[in-house]
>>> print(open('entry08.cif').read())   # mmCIF, C-alpha atoms
data_upload
loop_
_atom_site.label_atom_id
_atom_site.label_comp_id
_atom_site.auth_asym_id
_atom_site.auth_seq_id
_atom_site.Cartn_x
_atom_site.Cartn_y
_atom_site.Cartn_z
CA MET A 1 51.01 14.23 -27.68
CA ARG A 2 48.97 13.50 -24.60
CA ILE A 3 50.06 15.36 -21.48
CA PRO A 4 50.34 12.95 -18.50
CA ARG A 5 47.64 13.58 -15.93
CA ASN A 6 48.39 13.53 -12.24
CA LEU A 7 45.87 13.17 -9.43
CA GLU A 8 46.73 14.73 -6.10
CA VAL A 9 45.17 12.82 -3.19
CA TRP A 10 44.67 14.36 0.25
CA LYS A 11 44.34 11.70 2.97
CA MET A 12 42.41 13.45 5.67
CA GLY A 13 41.06 11.15 8.38
CA ILE A 14 37.81 12.22 10.07
CA VAL A 15 36.68 15.70 9.01
CA ASN A 16 33.70 17.73 10.20
CA TYR A 17 31.19 18.11 7.36
CA LEU A 18 31.15 21.93 7.26
CA ASP A 19 34.94 22.07 7.31
CA ALA A 20 35.05 19.73 4.34
CA LEU A 21 32.43 21.83 2.54
CA LYS A 22 34.42 25.04 3.06
CA LEU A 23 37.60 23.31 1.91
CA GLN A 24 35.88 22.04 -1.25
CA GLU A 25 34.64 25.56 -2.11
CA ASN A 26 38.18 26.88 -1.87
CA LEU A 27 39.55 23.98 -3.89
CA VAL A 28 36.94 24.42 -6.62
CA ASN A 29 37.86 28.11 -6.96
CA ALA A 30 41.55 27.24 -7.03
CA ARG A 31 40.99 24.50 -9.62
CA LYS A 32 38.94 26.85 -11.78
CA VAL A 33 41.91 29.17 -12.17
CA HIS A 34 44.38 26.29 -12.57
CA LYS A 35 46.07 27.01 -9.26
CA ILE A 36 45.88 23.34 -8.30
CA PRO A 37 45.73 20.08 -10.30
CA ASP A 38 42.86 17.58 -10.13
CA THR A 39 42.56 16.87 -6.41
CA LEU A 40 40.84 14.05 -4.54
CA LEU A 41 39.89 14.32 -0.88
CA SER A 42 39.76 10.98 0.94
CA LEU A 43 38.11 11.20 4.35
CA GLN A 44 35.37 10.11 6.73
CA HIS A 45 32.78 12.20 8.56
CA PRO A 46 31.44 12.08 12.11
CA PRO A 47 27.74 11.07 12.10
CA THR A 48 26.12 13.52 9.67
CA TYR A 49 22.90 13.61 7.67
CA THR A 50 22.92 15.70 4.51
CA LEU A 51 20.31 16.91 2.05
CA GLY A 52 20.77 17.91 -1.57
CA LYS A 53 19.62 20.93 -3.54
CA ARG A 54 16.04 19.67 -3.69
CA ARG A 55 15.88 19.86 0.12
CA THR A 56 13.89 16.64 0.44
CA ASP A 57 13.61 16.85 4.20
CA HIS A 58 10.40 14.81 4.16
CA ASN A 59 12.83 11.88 3.92
CA LEU A 60 14.18 12.64 7.39
CA LEU A 61 12.08 10.43 9.67
CA VAL A 62 12.98 11.97 13.02
CA PRO A 63 12.49 15.58 14.08
CA GLU A 64 15.64 17.60 13.52
CA PRO A 65 16.15 18.46 17.22
CA ASP A 66 16.28 14.72 18.02
CA LEU A 67 19.36 14.27 15.87
CA LYS A 68 21.53 15.85 18.54
CA ASN A 69 20.44 13.09 20.94
CA ILE A 70 21.84 10.47 18.61
CA GLY A 71 25.02 12.45 18.13
CA ALA A 72 24.42 13.52 14.54
CA GLU A 73 24.42 16.78 12.58
CA LEU A 74 22.20 17.78 9.64
CA HIS A 75 23.35 19.92 6.71
CA TYR A 76 21.71 21.29 3.58
CA THR A 77 23.96 21.31 0.53
CA GLN A 78 24.03 22.23 -3.17
CA ARG A 79 24.82 18.74 -4.37
CA GLY A 80 22.48 16.59 -6.41
CA GLY A 81 20.78 13.59 -4.86
CA ASP A 82 18.49 13.04 -1.91
CA ILE A 83 19.08 12.60 1.83
CA THR A 84 21.94 10.44 3.02
CA PHE A 85 24.03 9.58 6.05
CA HIS A 86 27.79 9.83 6.49
CA GLY A 87 29.63 8.38 9.45
CA PRO A 88 32.75 6.64 10.68
CA HIS A 89 33.80 3.55 8.72
CA GLN A 90 32.25 4.90 5.53
CA ALA A 91 34.84 5.88 2.91
CA VAL A 92 34.10 9.26 1.38
CA LEU A 93 35.80 10.59 -1.76
CA TYR A 94 35.39 14.18 -2.92
CA PRO A 95 36.99 14.62 -6.36
CA ILE A 96 37.69 18.24 -7.28
CA ILE A 97 38.43 17.70 -10.96
CA SER A 98 37.90 19.45 -14.25
CA LEU A 99 35.39 17.55 -16.38
CA ARG A 100 36.26 19.74 -19.32
CA ASP A 101 39.89 18.56 -19.25
CA ILE A 102 38.80 14.94 -19.52
CA GLY A 103 35.79 15.50 -21.77
CA LEU A 104 33.14 14.06 -19.46
CA GLY A 105 29.57 15.18 -18.98
CA ALA A 106 27.64 14.72 -15.75
CA ARG A 107 26.20 11.36 -16.77
CA ASN A 108 29.55 9.80 -17.73
CA TYR A 109 31.19 11.22 -14.62
CA VAL A 110 28.61 9.65 -12.35
CA GLU A 111 28.86 6.33 -14.20
CA LYS A 112 32.60 6.28 -13.57
CA LEU A 113 32.04 7.00 -9.88
CA GLU A 114 29.69 4.01 -9.82
CA SER A 115 32.31 1.88 -11.60
CA THR A 116 34.91 2.94 -9.04
CA MET A 117 32.85 1.51 -6.21
CA ILE A 118 31.81 -1.57 -8.19
CA GLU A 119 35.48 -2.31 -8.87
CA LEU A 120 36.38 -1.95 -5.20
CA ALA A 121 33.58 -4.29 -4.16
CA SER A 122 34.81 -6.89 -6.64
CA LEU A 123 38.20 -6.97 -4.90
CA TYR A 124 36.31 -8.58 -2.04
CA ASP A 125 34.27 -10.90 -4.26
CA VAL A 126 31.19 -8.74 -3.84
CA LYS A 127 29.14 -8.46 -7.04
CA ALA A 128 27.86 -4.90 -7.04
CA HIS A 129 26.06 -3.12 -9.85
CA ALA A 130 24.86 0.33 -10.81
CA GLY A 131 21.26 1.20 -10.08
CA ARG A 132 18.50 1.33 -12.69
CA THR A 133 17.61 4.69 -14.23
CA GLY A 134 16.68 7.11 -11.48
CA GLU A 135 18.46 5.04 -8.82
CA THR A 136 22.00 6.29 -9.16
CA GLY A 137 24.33 4.54 -6.78
CA VAL A 138 25.86 1.13 -6.24
CA TRP A 139 23.84 -1.90 -5.18
CA VAL A 140 24.40 -5.50 -4.14
CA GLY A 141 21.15 -7.16 -5.10
CA ASP A 142 18.67 -4.56 -3.91
CA ARG A 143 20.76 -3.42 -0.98
CA LYS A 144 22.61 -0.13 -1.37
CA ILE A 145 26.32 -0.15 -0.62
CA GLY A 146 27.46 3.12 -2.23
CA ALA A 147 25.89 6.54 -2.70
CA ILE A 148 26.64 9.44 -5.03
CA GLY A 149 25.82 13.14 -4.85
CA VAL A 150 27.71 15.59 -6.98
CA ARG A 151 27.90 19.28 -7.78
CA ILE A 152 29.32 20.61 -11.03
CA SER A 153 30.16 24.28 -11.33
CA TYR A 154 32.09 25.71 -14.30
CA ALA A 155 32.75 22.04 -15.16
CA ILE A 156 34.60 21.52 -11.85
CA THR A 157 33.25 18.78 -9.58
CA SER A 158 32.73 18.76 -5.83
CA HIS A 159 31.01 16.42 -3.36
CA GLY A 160 31.28 12.85 -4.68
CA LEU A 161 30.77 9.36 -3.37
CA ALA A 162 30.35 7.46 -0.11
CA PHE A 163 31.11 3.74 0.16
CA ASN A 164 29.97 1.73 3.19
CA ILE A 165 32.91 -0.25 4.53
CA ASP A 166 31.41 -0.95 7.96
CA PRO A 167 29.41 2.02 9.25
CA ASP A 168 26.72 1.69 11.93
CA LEU A 169 23.78 0.92 9.64
CA ASN A 170 21.25 1.80 12.37
CA TYR A 171 21.78 5.46 11.53
CA PHE A 172 20.11 4.82 8.17
CA LYS A 173 16.88 3.86 9.94
CA HIS A 174 16.20 7.53 10.65
CA ILE A 175 15.94 8.43 6.95
CA VAL A 176 14.50 7.16 3.72
CA PRO A 177 17.97 6.76 2.20
CA CYS A 178 18.29 8.58 -1.10
CA GLY A 179 14.48 8.87 -1.12
CA ILE A 180 14.09 5.21 -2.06
CA ALA A 181 11.79 3.41 0.36
CA ASP A 182 11.74 -0.39 0.83
CA LYS A 183 15.36 -0.85 -0.03
CA GLU A 184 18.00 -1.79 2.54
CA VAL A 185 21.37 -0.26 3.06
CA THR A 186 24.34 -2.60 3.35
CA SER A 187 28.10 -2.56 3.80
CA LEU A 188 31.22 -4.34 2.59
CA ARG A 189 31.48 -6.01 5.98
CA LYS A 190 27.99 -7.50 5.60
CA GLU A 191 28.39 -8.58 2.00
CA THR A 192 31.83 -10.14 1.87
CA ASN A 193 33.02 -13.52 3.15
CA MET A 194 36.61 -12.33 3.12
CA ALA A 195 38.41 -10.90 6.12
CA LEU A 196 38.71 -7.13 5.75
CA PRO A 197 42.14 -5.51 6.09
CA ALA A 198 42.66 -2.20 7.93
CA GLU A 199 40.33 0.53 6.68
CA GLU A 200 43.20 2.64 5.47
CA ILE A 201 44.07 -0.11 3.03
CA ILE A 202 40.50 -0.31 1.73
CA GLN A 203 40.44 3.47 1.31
CA GLU A 204 43.70 3.36 -0.65
CA GLN A 205 42.25 0.63 -2.85
CA LEU A 206 39.18 2.80 -3.48
CA ILE A 207 41.47 5.66 -4.50
CA SER A 208 43.38 3.37 -6.88
CA CYS A 209 40.12 2.24 -8.46
CA PHE A 210 39.18 5.91 -8.94
CA ALA A 211 42.55 6.75 -10.49
CA ARG A 212 42.22 3.79 -12.86
CA GLN A 213 38.64 4.57 -13.89
CA PHE A 214 39.53 8.16 -14.66
CA GLY A 215 42.75 7.35 -16.49
CA TYR A 216 45.25 9.18 -14.34
CA ASP A 217 48.88 8.43 -15.19
CA SER A 218 50.17 9.10 -11.69
CA VAL A 219 48.95 9.74 -8.17
CA SER A 220 50.65 11.91 -5.57
CA TRP A 221 49.73 11.93 -1.90
CA LYS A 222 49.40 14.61 0.77
CA GLU A 223 48.89 13.95 4.47
CA GLY A 224 49.01 15.84 7.73
CA ALA A 225 51.23 18.92 7.75
CA SER A 226 51.56 19.14 3.98
CA ILE A 227 47.76 19.44 3.78
CA LEU A 228 47.75 22.30 6.28
CA SER A 229 50.22 24.27 4.21
CA ALA A 230 48.34 23.51 0.98
CA VAL A 231 45.11 24.75 2.58
CA SER A 232 46.66 28.05 3.66
CA GLU A 233 47.97 28.56 0.13
CA ILE A 234 44.51 28.41 -1.39
CA GLU A 235 42.62 30.37 1.23
CA MET B 236 30.61 6.58 -47.67
CA ALA B 237 27.59 7.24 -49.87
CA LEU B 238 25.33 6.98 -46.85
CA ARG B 239 27.42 9.61 -45.10
CA MET B 240 27.17 12.01 -48.04
CA TRP B 241 23.41 11.50 -48.20
CA ALA B 242 23.13 12.13 -44.49
CA SER B 243 25.23 15.23 -44.75
CA SER B 244 23.11 16.73 -47.53
CA THR B 245 19.95 15.79 -45.68
CA ALA B 246 21.37 17.45 -42.60
CA ASN B 247 22.05 20.58 -44.61
CA ALA B 248 18.54 20.55 -46.04
CA LEU B 249 17.08 20.23 -42.55
CA ARG B 250 19.52 22.89 -41.31
CA ILE B 251 21.03 20.47 -38.83
CA SER B 252 24.76 20.36 -38.24
CA CYS B 253 26.83 17.37 -37.33
CA ALA B 254 28.47 16.74 -34.00
CA SER B 255 29.50 13.46 -32.50
CA LYS B 256 27.46 11.53 -29.93
CA ALA B 257 23.83 11.89 -29.07
CA HIS B 258 20.37 10.75 -28.93
CA LEU B 259 18.20 11.32 -32.06
CA SER B 260 16.90 8.02 -33.34
CA PRO B 261 17.06 7.98 -37.15
CA ALA B 262 15.23 5.45 -39.27
CA PHE B 263 18.59 4.14 -40.45
CA SER B 264 21.82 3.51 -38.57
CA LEU B 265 24.90 5.58 -39.07
CA SER B 266 28.35 5.27 -37.66
CA ARG B 267 27.98 8.81 -36.30
CA CYS B 268 25.02 10.35 -34.48
CA PHE B 269 23.87 13.96 -34.46
CA SER B 270 23.48 16.57 -31.73
CA THR B 271 21.17 19.26 -32.97
CA VAL B 272 22.59 22.74 -33.40
CA LEU B 273 20.13 25.34 -34.68
CA ASP B 274 20.72 28.27 -36.98
CA GLY B 275 19.68 31.68 -35.73
CA LEU B 276 21.01 31.10 -32.20
CA LYS B 277 24.23 32.08 -30.50
CA TYR B 278 26.12 29.69 -28.28
CA ALA B 279 28.42 29.78 -25.25
CA THR B 280 31.30 27.36 -24.79
CA SER B 281 29.61 26.25 -21.58
CA HIS B 282 26.79 24.87 -23.79
CA GLU B 283 24.02 27.41 -23.33
CA TRP B 284 22.15 29.00 -26.26
CA VAL B 285 20.60 32.43 -26.62
CA LYS B 286 17.97 33.65 -29.11
CA HIS B 287 17.82 37.40 -29.44
CA GLU B 288 14.48 38.75 -30.68
CA GLY B 289 14.03 42.49 -30.38
CA SER B 290 14.32 43.55 -26.77
CA VAL B 291 14.20 40.05 -25.28
CA ALA B 292 16.68 37.20 -25.34
CA THR B 293 15.63 33.62 -24.56
CA ILE B 294 18.19 31.31 -22.96
CA GLY B 295 18.46 27.57 -22.48
CA ILE B 296 20.95 24.72 -22.67
CA THR B 297 21.88 22.96 -25.90
CA ASP B 298 21.06 19.50 -27.17
CA HIS B 299 24.70 18.55 -26.64
CA ALA B 300 24.44 19.64 -23.00
CA GLN B 301 21.23 17.78 -22.22
CA ASP B 302 22.61 14.64 -23.79
CA HIS B 303 25.72 14.74 -21.61
CA LEU B 304 23.66 15.44 -18.49
CA GLY B 305 21.20 12.58 -18.66
CA GLU B 306 17.59 12.83 -17.58
CA VAL B 307 16.91 16.17 -15.87
CA VAL B 308 14.86 15.74 -12.69
CA PHE B 309 15.02 19.22 -11.17
CA VAL B 310 15.60 22.74 -12.43
CA GLU B 311 16.49 25.75 -10.30
CA LEU B 312 15.72 29.12 -11.87
CA PRO B 313 16.14 32.71 -10.70
CA GLU B 314 13.29 35.06 -9.82
CA ARG B 315 11.95 37.66 -12.24
CA LYS B 316 13.81 40.95 -11.99
CA ALA B 317 17.00 39.11 -10.94
CA SER B 318 20.06 40.25 -12.82
CA VAL B 319 22.29 37.87 -14.68
CA SER B 320 25.78 38.48 -15.99
CA GLN B 321 27.67 36.95 -18.87
CA GLY B 322 29.53 33.82 -17.85
CA SER B 323 28.04 33.65 -14.36
CA GLY B 324 25.61 31.09 -13.00
CA PHE B 325 21.88 31.85 -12.98
CA GLY B 326 20.49 28.47 -12.03
CA ALA B 327 21.14 24.75 -11.97
CA VAL B 328 19.81 21.47 -13.31
CA GLU B 329 19.92 18.14 -11.53
CA SER B 330 20.36 14.83 -13.30
CA VAL B 331 21.77 11.48 -12.12
CA LYS B 332 22.42 12.89 -8.63
CA ALA B 333 24.55 15.70 -10.09
CA THR B 334 23.60 19.36 -9.91
CA SER B 335 25.19 21.30 -12.74
CA ASP B 336 25.29 25.08 -12.69
CA VAL B 337 23.93 26.83 -15.78
CA ASN B 338 25.66 30.05 -16.87
CA SER B 339 24.16 33.02 -18.67
CA PRO B 340 25.59 33.79 -22.11
CA ILE B 341 24.68 37.48 -21.69
CA SER B 342 24.08 40.09 -19.01
CA GLY B 343 20.71 41.62 -18.27
CA GLU B 344 17.52 41.44 -16.25
CA VAL B 345 15.33 38.35 -16.04
CA VAL B 346 11.87 39.19 -17.40
CA GLU B 347 10.37 35.71 -17.48
CA VAL B 348 11.20 32.20 -16.28
CA ASN B 349 9.80 28.96 -17.67
CA SER B 350 7.54 27.82 -14.86
CA LYS B 351 6.66 24.62 -16.78
CA LEU B 352 10.10 23.30 -15.83
CA SER B 353 9.19 22.79 -12.18
CA GLU B 354 6.49 20.26 -13.13
CA SER B 355 8.23 18.96 -16.23
CA PRO B 356 12.00 19.29 -15.93
CA GLY B 357 12.37 16.65 -18.66
CA LEU B 358 11.36 19.26 -21.25
CA ILE B 359 15.00 20.25 -21.21
CA ASN B 360 15.85 16.81 -22.57
CA THR B 361 12.99 16.42 -25.05
CA SER B 362 12.90 20.01 -26.32
CA PRO B 363 16.06 21.89 -25.32
CA TYR B 364 15.57 24.72 -27.83
CA GLU B 365 11.81 25.19 -27.55
CA ASP B 366 9.62 24.01 -24.69
CA GLY B 367 12.73 23.55 -22.52
CA TRP B 368 13.75 27.23 -22.61
CA MET B 369 14.85 28.42 -19.17
CA ILE B 370 14.79 32.22 -18.84
CA LYS B 371 14.03 35.32 -20.88
CA VAL B 372 16.32 38.28 -20.33
CA LYS B 373 16.31 41.94 -21.28
CA PRO B 374 19.92 42.31 -22.45
CA SER B 375 21.84 45.13 -20.78
CA ASN B 376 24.65 44.99 -23.32
CA PRO B 377 23.63 43.54 -26.71
CA ALA B 378 27.23 43.82 -27.92
CA GLU B 379 28.00 40.78 -25.74
CA LEU B 380 26.25 38.63 -28.36
CA GLU B 381 29.17 39.29 -30.70
CA SER B 382 31.51 37.42 -28.38
CA LEU B 383 29.43 34.23 -28.56
CA LEU B 384 29.77 31.37 -31.05
CA GLY B 385 27.62 31.00 -34.14
CA PRO B 386 26.10 27.61 -35.05
CA LYS B 387 29.03 26.47 -37.21
CA GLU B 388 31.62 27.49 -34.64
CA TYR B 389 29.67 25.85 -31.81
CA THR B 390 29.31 22.63 -33.80
CA LYS B 391 33.04 22.59 -34.40
CA PHE B 392 33.66 23.31 -30.72
CA CYS B 393 31.50 20.31 -29.69
CA GLU B 394 33.22 18.04 -32.20
CA GLU B 395 36.64 19.04 -30.94
CA GLU B 396 35.61 18.65 -27.32
CA ASP B 397 34.20 15.18 -27.89
CA ALA B 398 37.00 14.04 -30.18
CA ALA B 399 39.82 15.03 -27.89
CA HIS B 400 39.08 12.27 -25.42
#
>>> encode(input="entry08.cif", output="structure tokens")
Amino acid sequence: MRIPRNLEVWKMGIVNYLDALKLQENLVNARKVHKIPDTLLSLQHPPTYTLGKRRTDHNLLVPEPDLKNIGAELHYTQRGGDITFHGPHQAVLYPIISLRDIGLGARNYVEKLESTMIELASLYDVKAHAGRTGETGVWVGDRKIGAIGVRISYAITSHGLAFNIDPDLNYFKHIVPCGIADKEVTSLRKETNMALPAEEIIQEQLISCFARQFGYDSVSWKEGASILSAVSEIE
Amino acid sequence: MALRMWASSTANALRISCASKAHLSPAFSLSRCFSTVLDGLKYATSHEWVKHEGSVATIGITDHAQDHLGEVVFVELPERKASVSQGSGFGAVESVKATSDVNSPISGEVVEVNSKLSESPGLINTSPYEDGWMIKVKPSNPAELESLLGPKEYTKFCEEEDAAH
């Protein structure tokens, strides 16, 4: 008998990067000891550049002190992947899930994250595809629309994916995005001919694509005050 | 059916066990593929192996693990003299934009790390049990090895893990 799997989604609005990092650490520890179910954070960040474990800061094209002038922060993280930018109008998903419970390795997990974004793009008639080997992420032609950077600890995931709905693409000019030179960054707004609905709707669609790709039987939602009380329970 | 029996006896002769899914390219096609599990090693359920020889134990990740990770592009290892403890992380590997923590099957002191892995992280994929070894440890509590899985048990564990989904 297969036990039905529920995904708990936290809709969080705009969250400071370090706050989200701290929250993920607490959630990973709680998930490890089965205190919480598989949880998905849905949010956006203020303008933020981040680096992965390999600390590839040669891909940051402006001196770090200058970032403050353009209103952006820089953070070093333990995730995989190269340098990237997060900002308003970019949908970010951080799944805190147990790969052991669903029998996925890192490679399959990342492929499903790619499929999640590809599926969302197709809702707007945008034909996206996964990158070639070594170019993990989601592309429309050779323009990158979605990025992935993940950490797996005790088979529990953190960090995740970022999908460009309509962020200010100029911010990407200050980096070599994901360490891949000569390739543009794009967004759903640029690629689709369809009118885009409110962002919240697009984010909910992205979450549904995720839930479908990962075979969840049901999704429950937390917002606002119920998130605050959930956070205090796991701290 | 006959092909399967032949493969199974060949596998036994080569001291290879069967597990579902992986990468070896045989000269014939089978409905099932093999992940290599070696005799003489002990295994953790988090897919690391340990080879205990005298006062030193060598540690790495298994063929099953490297297959599920994809191509390894970066390996983070501890320093010599660092201490490791059973079940806790000692380093990480990066593949497909995912960093995965690697846990130590036993406790002890790191006496050597495989420096080849910084230039050639892919050794973990091509030779997970030999050239892709990660650290050598002086065990502080050899009895811990008893709590690990033997090759047959680990093979069964992998099969069950892969079959359940």
>>> residues_around(input="entry08.cif", residues="range 317-321 of chain B", least_positions_apart="5", cutoff="10 Å", atoms="all atoms listed in the file", output="short mmCIF file (atom, residue, chain, number, x, y, z; two decimals) with C-alpha atoms, in the coordinates of the input")
data_model
loop_
_atom_site.label_atom_id
_atom_site.label_comp_id
_atom_site.auth_asym_id
_atom_site.auth_seq_id
_atom_site.Cartn_x
_atom_site.Cartn_y
_atom_site.Cartn_z
CA ALA B 279 28.42 29.78 -25.25
CA GLY B 326 20.49 28.47 -12.03
CA ASN B 338 25.66 30.05 -16.87
CA SER B 339 24.16 33.02 -18.67
CA PRO B 340 25.59 33.79 -22.11
CA ILE B 341 24.68 37.48 -21.69
CA SER B 342 24.08 40.09 -19.01
CA GLY B 343 20.71 41.62 -18.27
CA GLU B 344 17.52 41.44 -16.25
CA VAL B 345 15.33 38.35 -16.04
CA VAL B 346 11.87 39.19 -17.40
CA GLU B 347 10.37 35.71 -17.48
CA VAL B 372 16.32 38.28 -20.33
CA LYS B 373 16.31 41.94 -21.28
CA PRO B 374 19.92 42.31 -22.45
CA SER B 375 21.84 45.13 -20.78
CA ASN B 376 24.65 44.99 -23.32
CA GLU B 379 28.00 40.78 -25.74
CA LEU B 380 26.25 38.63 -28.36
#
>>> interface_residues(input="entry08.cif", of="chain B", to="chain A", cutoff="12 Å", atoms="all atoms listed in the file", output="ChimeraX atom specification")
/B:256,280-282,299-311,322-339,353,393-400
>>> write_last_selection(input="entry08.cif", atoms="C-alpha atoms", output="PDB file, in the coordinates of the input")
ATOM      1  CA  LYS B 256      27.460  11.530 -29.930  1.00  0.00           C
ATOM      2  CA  THR B 280      31.300  27.360 -24.790  1.00  0.00           C
ATOM      3  CA  SER B 281      29.610  26.250 -21.580  1.00  0.00           C
ATOM      4  CA  HIS B 282      26.790  24.870 -23.790  1.00  0.00           C
ATOM      5  CA  HIS B 299      24.700  18.550 -26.640  1.00  0.00           C
ATOM      6  CA  ALA B 300      24.440  19.640 -23.000  1.00  0.00           C
ATOM      7  CA  GLN B 301      21.230  17.780 -22.220  1.00  0.00           C
ATOM      8  CA  ASP B 302      22.610  14.640 -23.790  1.00  0.00           C
ATOM      9  CA  HIS B 303      25.720  14.740 -21.610  1.00  0.00           C
ATOM     10  CA  LEU B 304      23.660  15.440 -18.490  1.00  0.00           C
ATOM     11  CA  GLY B 305      21.200  12.580 -18.660  1.00  0.00           C
ATOM     12  CA  GLU B 306      17.590  12.830 -17.580  1.00  0.00           C
ATOM     13  CA  VAL B 307      16.910  16.170 -15.870  1.00  0.00           C
ATOM     14  CA  VAL B 308      14.860  15.740 -12.690  1.00  0.00           C
ATOM     15  CA  PHE B 309      15.020  19.220 -11.170  1.00  0.00           C
ATOM     16  CA  VAL B 310      15.600  22.740 -12.430  1.00  0.00           C
ATOM     17  CA  GLU B 311      16.490  25.750 -10.300  1.00  0.00           C
ATOM     18  CA  GLY B 322      29.530  33.820 -17.850  1.00  0.00           C
ATOM     19  CA  SER B 323      28.040  33.650 -14.360  1.00  0.00           C
ATOM     20  CA  GLY B 324      25.610  31.090 -13.000  1.00  0.00           C
ATOM     21  CA  PHE B 325      21.880  31.850 -12.980  1.00  0.00           C
ATOM     22  CA  GLY B 326      20.490  28.470 -12.030  1.00  0.00           C
ATOM     23  CA  ALA B 327      21.140  24.750 -11.970  1.00  0.00           C
ATOM     24  CA  VAL B 328      19.810  21.470 -13.310  1.00  0.00           C
ATOM     25  CA  GLU B 329      19.920  18.140 -11.530  1.00  0.00           C
ATOM     26  CA  SER B 330      20.360  14.830 -13.300  1.00  0.00           C
ATOM     27  CA  VAL B 331      21.770  11.480 -12.120  1.00  0.00           C
ATOM     28  CA  LYS B 332      22.420  12.890  -8.630  1.00  0.00           C
ATOM     29  CA  ALA B 333      24.550  15.700 -10.090  1.00  0.00           C
ATOM     30  CA  THR B 334      23.600  19.360  -9.910  1.00  0.00           C
ATOM     31  CA  SER B 335      25.190  21.300 -12.740  1.00  0.00           C
ATOM     32  CA  ASP B 336      25.290  25.080 -12.690  1.00  0.00           C
ATOM     33  CA  VAL B 337      23.930  26.830 -15.780  1.00  0.00           C
ATOM     34  CA  ASN B 338      25.660  30.050 -16.870  1.00  0.00           C
ATOM     35  CA  SER B 339      24.160  33.020 -18.670  1.00  0.00           C
ATOM     36  CA  SER B 353       9.190  22.790 -12.180  1.00  0.00           C
ATOM     37  CA  CYS B 393      31.500  20.310 -29.690  1.00  0.00           C
ATOM     38  CA  GLU B 394      33.220  18.040 -32.200  1.00  0.00           C
ATOM     39  CA  GLU B 395      36.640  19.040 -30.940  1.00  0.00           C
ATOM     40  CA  GLU B 396      35.610  18.650 -27.320  1.00  0.00           C
ATOM     41  CA  ASP B 397      34.200  15.180 -27.890  1.00  0.00           C
ATOM     42  CA  ALA B 398      37.000  14.040 -30.180  1.00  0.00           C
ATOM     43  CA  ALA B 399      39.820  15.030 -27.890  1.00  0.00           C
ATOM     44  CA  HIS B 400      39.080  12.270 -25.420  1.00  0.00           C
TER      45      HIS B 400
END
>>> resolve_selection(input="entry08.cif", expression="the PyMOL selection byres ((chain A and resi 85) around 7)", output="list in words")
Thr48, Tyr49, Thr50, Thr84, His86, Gly87 and Phe172 of chain A
>>> residues_near_point(input="entry08.cif", point="(38.8, 4.9, -4.6)", cutoff="12 Å", atoms="only C-alpha atoms", output="VMD selection string")
chain A and resid 7 9 11 40 to 43 91 to 95 112 to 121 123 146 160 to 163 200 to 214 219
>>> write_last_selection(input="entry08.cif", atoms="C-alpha atoms", output="tab-separated table (two decimals), keeping the file's coordinate frame")
chain	number	residue	atom	x	y	z
A	7	LEU	CA	45.87	13.17	-9.43
A	9	VAL	CA	45.17	12.82	-3.19
A	11	LYS	CA	44.34	11.70	2.97
A	40	LEU	CA	40.84	14.05	-4.54
A	41	LEU	CA	39.89	14.32	-0.88
A	42	SER	CA	39.76	10.98	0.94
A	43	LEU	CA	38.11	11.20	4.35
A	91	ALA	CA	34.84	5.88	2.91
A	92	VAL	CA	34.10	9.26	1.38
A	93	LEU	CA	35.80	10.59	-1.76
A	94	TYR	CA	35.39	14.18	-2.92
A	95	PRO	CA	36.99	14.62	-6.36
A	112	LYS	CA	32.60	6.28	-13.57
A	113	LEU	CA	32.04	7.00	-9.88
A	114	GLU	CA	29.69	4.01	-9.82
A	115	SER	CA	32.31	1.88	-11.60
A	116	THR	CA	34.91	2.94	-9.04
A	117	MET	CA	32.85	1.51	-6.21
A	118	ILE	CA	31.81	-1.57	-8.19
A	119	GLU	CA	35.48	-2.31	-8.87
A	120	LEU	CA	36.38	-1.95	-5.20
A	121	ALA	CA	33.58	-4.29	-4.16
A	123	LEU	CA	38.20	-6.97	-4.90
A	146	GLY	CA	27.46	3.12	-2.23
A	160	GLY	CA	31.28	12.85	-4.68
A	161	LEU	CA	30.77	9.36	-3.37
A	162	ALA	CA	30.35	7.46	-0.11
A	163	PHE	CA	31.11	3.74	0.16
A	200	GLU	CA	43.20	2.64	5.47
A	201	ILE	CA	44.07	-0.11	3.03
A	202	ILE	CA	40.50	-0.31	1.73
A	203	GLN	CA	40.44	3.47	1.31
A	204	GLU	CA	43.70	3.36	-0.65
A	205	GLN	CA	42.25	0.63	-2.85
A	206	LEU	CA	39.18	2.80	-3.48
A	207	ILE	CA	41.47	5.66	-4.50
A	208	SER	CA	43.38	3.37	-6.88
A	209	CYS	CA	40.12	2.24	-8.46
A	210	PHE	CA	39.18	5.91	-8.94
A	211	ALA	CA	42.55	6.75	-10.49
A	212	ARG	CA	42.22	3.79	-12.86
A	213	GLN	CA	38.64	4.57	-13.89
A	214	PHE	CA	39.53	8.16	-14.66
A	219	VAL	CA	48.95	9.74	-8.17
>>> residues_near_point(input="entry08.cif", point="(24.7, -4.7, -10.4)", cutoff="8 Å", atoms="all atoms listed in the file", output="PDB file with C-alpha atoms, in the frame of the given file")
ATOM      1  CA  LYS A 127      29.140  -8.460  -7.040  1.00  0.00           C
ATOM      2  CA  ALA A 128      27.860  -4.900  -7.040  1.00  0.00           C
ATOM      3  CA  HIS A 129      26.060  -3.120  -9.850  1.00  0.00           C
ATOM      4  CA  ALA A 130      24.860   0.330 -10.810  1.00  0.00           C
ATOM      5  CA  GLY A 131      21.260   1.200 -10.080  1.00  0.00           C
ATOM      6  CA  VAL A 138      25.860   1.130  -6.240  1.00  0.00           C
ATOM      7  CA  TRP A 139      23.840  -1.900  -5.180  1.00  0.00           C
ATOM      8  CA  VAL A 140      24.400  -5.500  -4.140  1.00  0.00           C
ATOM      9  CA  GLY A 141      21.150  -7.160  -5.100  1.00  0.00           C
TER      10      GLY A 141
END
